[in-house]
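S.K.: Got my_file_11.csv for you, CSV, C-alpha atoms:
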```csv
chain,number,residue,atom,x,y,z
C,225,MET,CA,60.0,101.1,15.7
C,226,LYS,CA,59.1,104.8,15.9
C,227,ASN,CA,62.3,105.6,13.9
C,228,LEU,CA,61.1,103.4,11.1
C,229,LYS,CA,59.1,105.2,8.3
C,230,GLY,CA,56.8,103.7,5.8
C,231,LYS,CA,55.5,105.6,2.7
C,232,ILE,CA,52.0,104.9,1.7
C,233,ARG,CA,51.7,104.1,-2.0
C,234,LEU,CA,48.7,102.7,-3.7
C,235,HIS,CA,48.1,101.1,-7.0
C,236,LEU,CA,44.5,101.8,-7.9
C,237,TRP,CA,42.8,101.4,-11.3
C,238,ILE,CA,39.3,100.9,-12.6
C,239,GLU,CA,38.6,98.2,-15.2
C,240,SER,CA,35.7,96.5,-16.7
C,241,ASN,CA,35.4,93.1,-18.5
C,242,ALA,CA,36.4,95.0,-21.7
C,243,GLY,CA,39.7,96.2,-20.2
C,244,MET,CA,41.4,99.1,-18.4
C,245,MET,CA,39.3,102.2,-17.9
C,246,LEU,CA,41.6,104.4,-15.9
C,247,GLY,CA,44.6,104.2,-13.6
C,248,LEU,CA,47.3,106.5,-12.3
C,249,GLY,CA,49.5,105.9,-15.3
C,250,ARG,CA,46.7,106.8,-17.7
C,251,THR,CA,45.8,109.9,-15.9
C,252,GLN,CA,49.5,111.0,-15.9
C,253,LEU,CA,49.6,110.4,-19.6
C,254,ILE,CA,46.4,112.4,-20.1
C,255,ASP,CA,47.8,115.2,-18.0
C,256,ASN,CA,51.0,115.3,-20.0
C,257,ILE,CA,49.0,115.4,-23.3
C,258,GLU,CA,47.0,118.3,-22.0
C,259,LYS,CA,50.1,120.1,-20.7
C,260,HIS,CA,52.2,119.7,-23.9
C,261,GLY,CA,49.5,119.4,-26.5
C,262,SER,CA,51.3,116.5,-28.0
C,263,LEU,CA,51.0,112.7,-27.6
C,264,GLN,CA,54.6,112.2,-28.7
C,265,THR,CA,56.0,114.7,-26.1
C,266,ALA,CA,53.7,113.2,-23.4
C,267,ALA,CA,55.0,109.7,-24.2
C,268,LYS,CA,58.6,110.8,-24.1
C,269,LYS,CA,58.1,112.5,-20.7
C,270,MET,CA,56.8,109.2,-19.4
C,271,GLY,CA,59.5,107.1,-21.0
C,272,ILE,CA,57.1,105.1,-23.2
C,273,SER,CA,56.8,104.8,-26.9
C,274,TYR,CA,54.3,106.8,-29.0
C,275,ARG,CA,52.7,103.6,-30.0
C,276,ALA,CA,52.3,102.4,-26.4
C,277,ALA,CA,50.8,105.8,-25.4
C,278,TRP,CA,48.4,105.8,-28.4
C,279,GLY,CA,47.4,102.2,-27.7
C,280,ARG,CA,46.6,103.0,-24.0
C,281,ILE,CA,44.5,106.1,-25.0
C,282,LYS,CA,42.6,104.2,-27.7
C,283,LYS,CA,41.9,101.2,-25.4
C,284,THR,CA,40.5,103.5,-22.7
C,285,GLU,CA,38.4,105.3,-25.3
C,286,GLU,CA,37.1,102.0,-26.6
C,287,VAL,CA,36.2,100.7,-23.1
C,288,LEU,CA,34.6,103.9,-22.0
C,289,GLY,CA,32.8,104.4,-25.3
C,290,TYR,CA,33.8,108.0,-25.9
C,291,LYS,CA,36.7,110.1,-26.9
C,292,LEU,CA,39.2,111.5,-24.4
C,293,LEU,CA,41.2,113.4,-26.9
C,294,GLU,CA,40.5,115.6,-29.9
C,295,LYS,CA,42.9,116.5,-32.7
C,296,THR,CA,44.0,120.1,-32.9
C,297,SER,CA,46.0,121.8,-35.7
C,298,GLY,CA,49.2,121.1,-33.7
C,299,GLY,CA,48.5,118.0,-31.8
C,300,TYR,CA,45.8,116.9,-29.3
C,301,LYS,CA,43.8,118.3,-26.4
C,302,LEU,CA,41.4,116.8,-24.0
C,303,THR,CA,37.7,116.7,-24.7
C,304,GLU,CA,35.5,118.2,-22.0
C,305,LEU,CA,34.4,114.7,-21.0
C,306,GLY,CA,38.1,113.6,-21.0
C,307,LYS,CA,38.9,116.5,-18.6
C,308,GLU,CA,36.0,115.7,-16.3
C,309,ILE,CA,36.7,112.0,-16.1
C,310,ASN,CA,40.4,112.6,-15.5
C,311,ASN,CA,39.8,115.1,-12.8
C,312,LYS,CA,37.3,112.9,-11.1
C,313,PHE,CA,39.6,109.9,-11.1
C,314,LYS,CA,42.4,112.0,-9.6
C,315,ALA,CA,40.1,113.4,-6.9
C,316,TRP,CA,38.9,109.8,-6.1
C,317,PHE,CA,42.5,108.5,-6.0
C,318,ASP,CA,43.5,111.3,-3.6
C,319,LYS,CA,40.6,110.6,-1.3
C,320,VAL,CA,41.4,106.9,-1.1
C,321,GLU,CA,45.1,107.6,-0.5
C,322,ASP,CA,44.3,110.1,2.2
C,323,TYR,CA,42.1,107.5,3.9
C,324,ALA,CA,44.8,104.8,3.6
C,325,LEU,CA,47.4,107.2,5.2
C,326,LYS,CA,45.0,108.0,8.1
C,327,GLU,CA,44.4,104.3,8.7
C,328,ALA,CA,48.0,103.4,8.5
C,329,LYS,CA,48.9,106.0,11.1
C,330,GLU,CA,46.4,104.5,13.4
C,331,ILE,CA,47.2,100.8,12.8
C,332,PHE,CA,51.0,100.5,12.4
C,333,PRO,CA,53.6,101.1,15.0
C,334,TRP,CA,55.9,103.0,12.6
C,335,VAL,CA,55.7,106.5,11.2
C,336,SER,CA,53.5,106.4,8.1
C,337,THR,CA,53.9,109.2,5.5
C,338,SER,CA,52.6,110.0,2.1
C,339,TYR,CA,54.9,109.7,-0.9
C,340,LYS,CA,53.8,113.3,-1.7
C,341,ASP,CA,55.8,114.5,1.4
C,342,GLU,CA,58.9,114.1,-0.7
C,343,GLU,CA,57.6,116.2,-3.6
```
So, in terms of structure tokens, how does the structure I just supplied come out?
M.R.:
Amino acid sequence: MKNLKGKIRLHLWIESNAGMMLGLGRTQLIDNIEKHGSLQTAAKKMGISYRAAWGRIKKTEEVLGYKLLEKTSGGYKLTELGKEINNKFKAWFDKVEDYALKEAKEIFPWVSTSYKDEE
């Protein structure tokens, strides 16, 4: 079994009774908006429609009760609170994933690796 390899992948998100707060897909969308300054470009990069991207951002803002994005003359950028929450989610996700990988290496008889090892 030592020749068998398993990649650790986690699906983590935070939700409330009102709906989705944050998940990996939302943080990737937010990162793409920050990188490109455009919701439309960010949506295209992720293979989703502008409407779907806008809906996800608006729903998250509604659930959280504050704005993640602010309009600029050429598109959008993250609010300071949007940056902070996004960065905290990604740090939390990485910690949970690192722990899961450590545990998998101790528990399972095969080689466990992170999906990041391919990047």
S.K.: Which neighbours of segment 273-283 of chain C fall inside 12 Å, counting only C-alpha atoms, when residues of the same chain fewer than 2 positions from it are skipped, and could you give them as a ChimeraX atom specification?
M.R.: /C:239-240,242-247,249-257,262-271,285-294,300,302,306
S.K.: So what do you get for atom CA of Ile309 of chain C versus atom CA of Thr284 of chain C, distance-wise?
M.R.: 11.4 Å
S.K.: Just checking: using only C-alpha atoms, which residue out of C:Leu228, C:Ile272, C:Leu248, C:Ala328 ends up closest to Asn310 of chain C?
M.R.: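 Closest to Asn310 of chain C, using only C-alpha atoms: C:Leu248.
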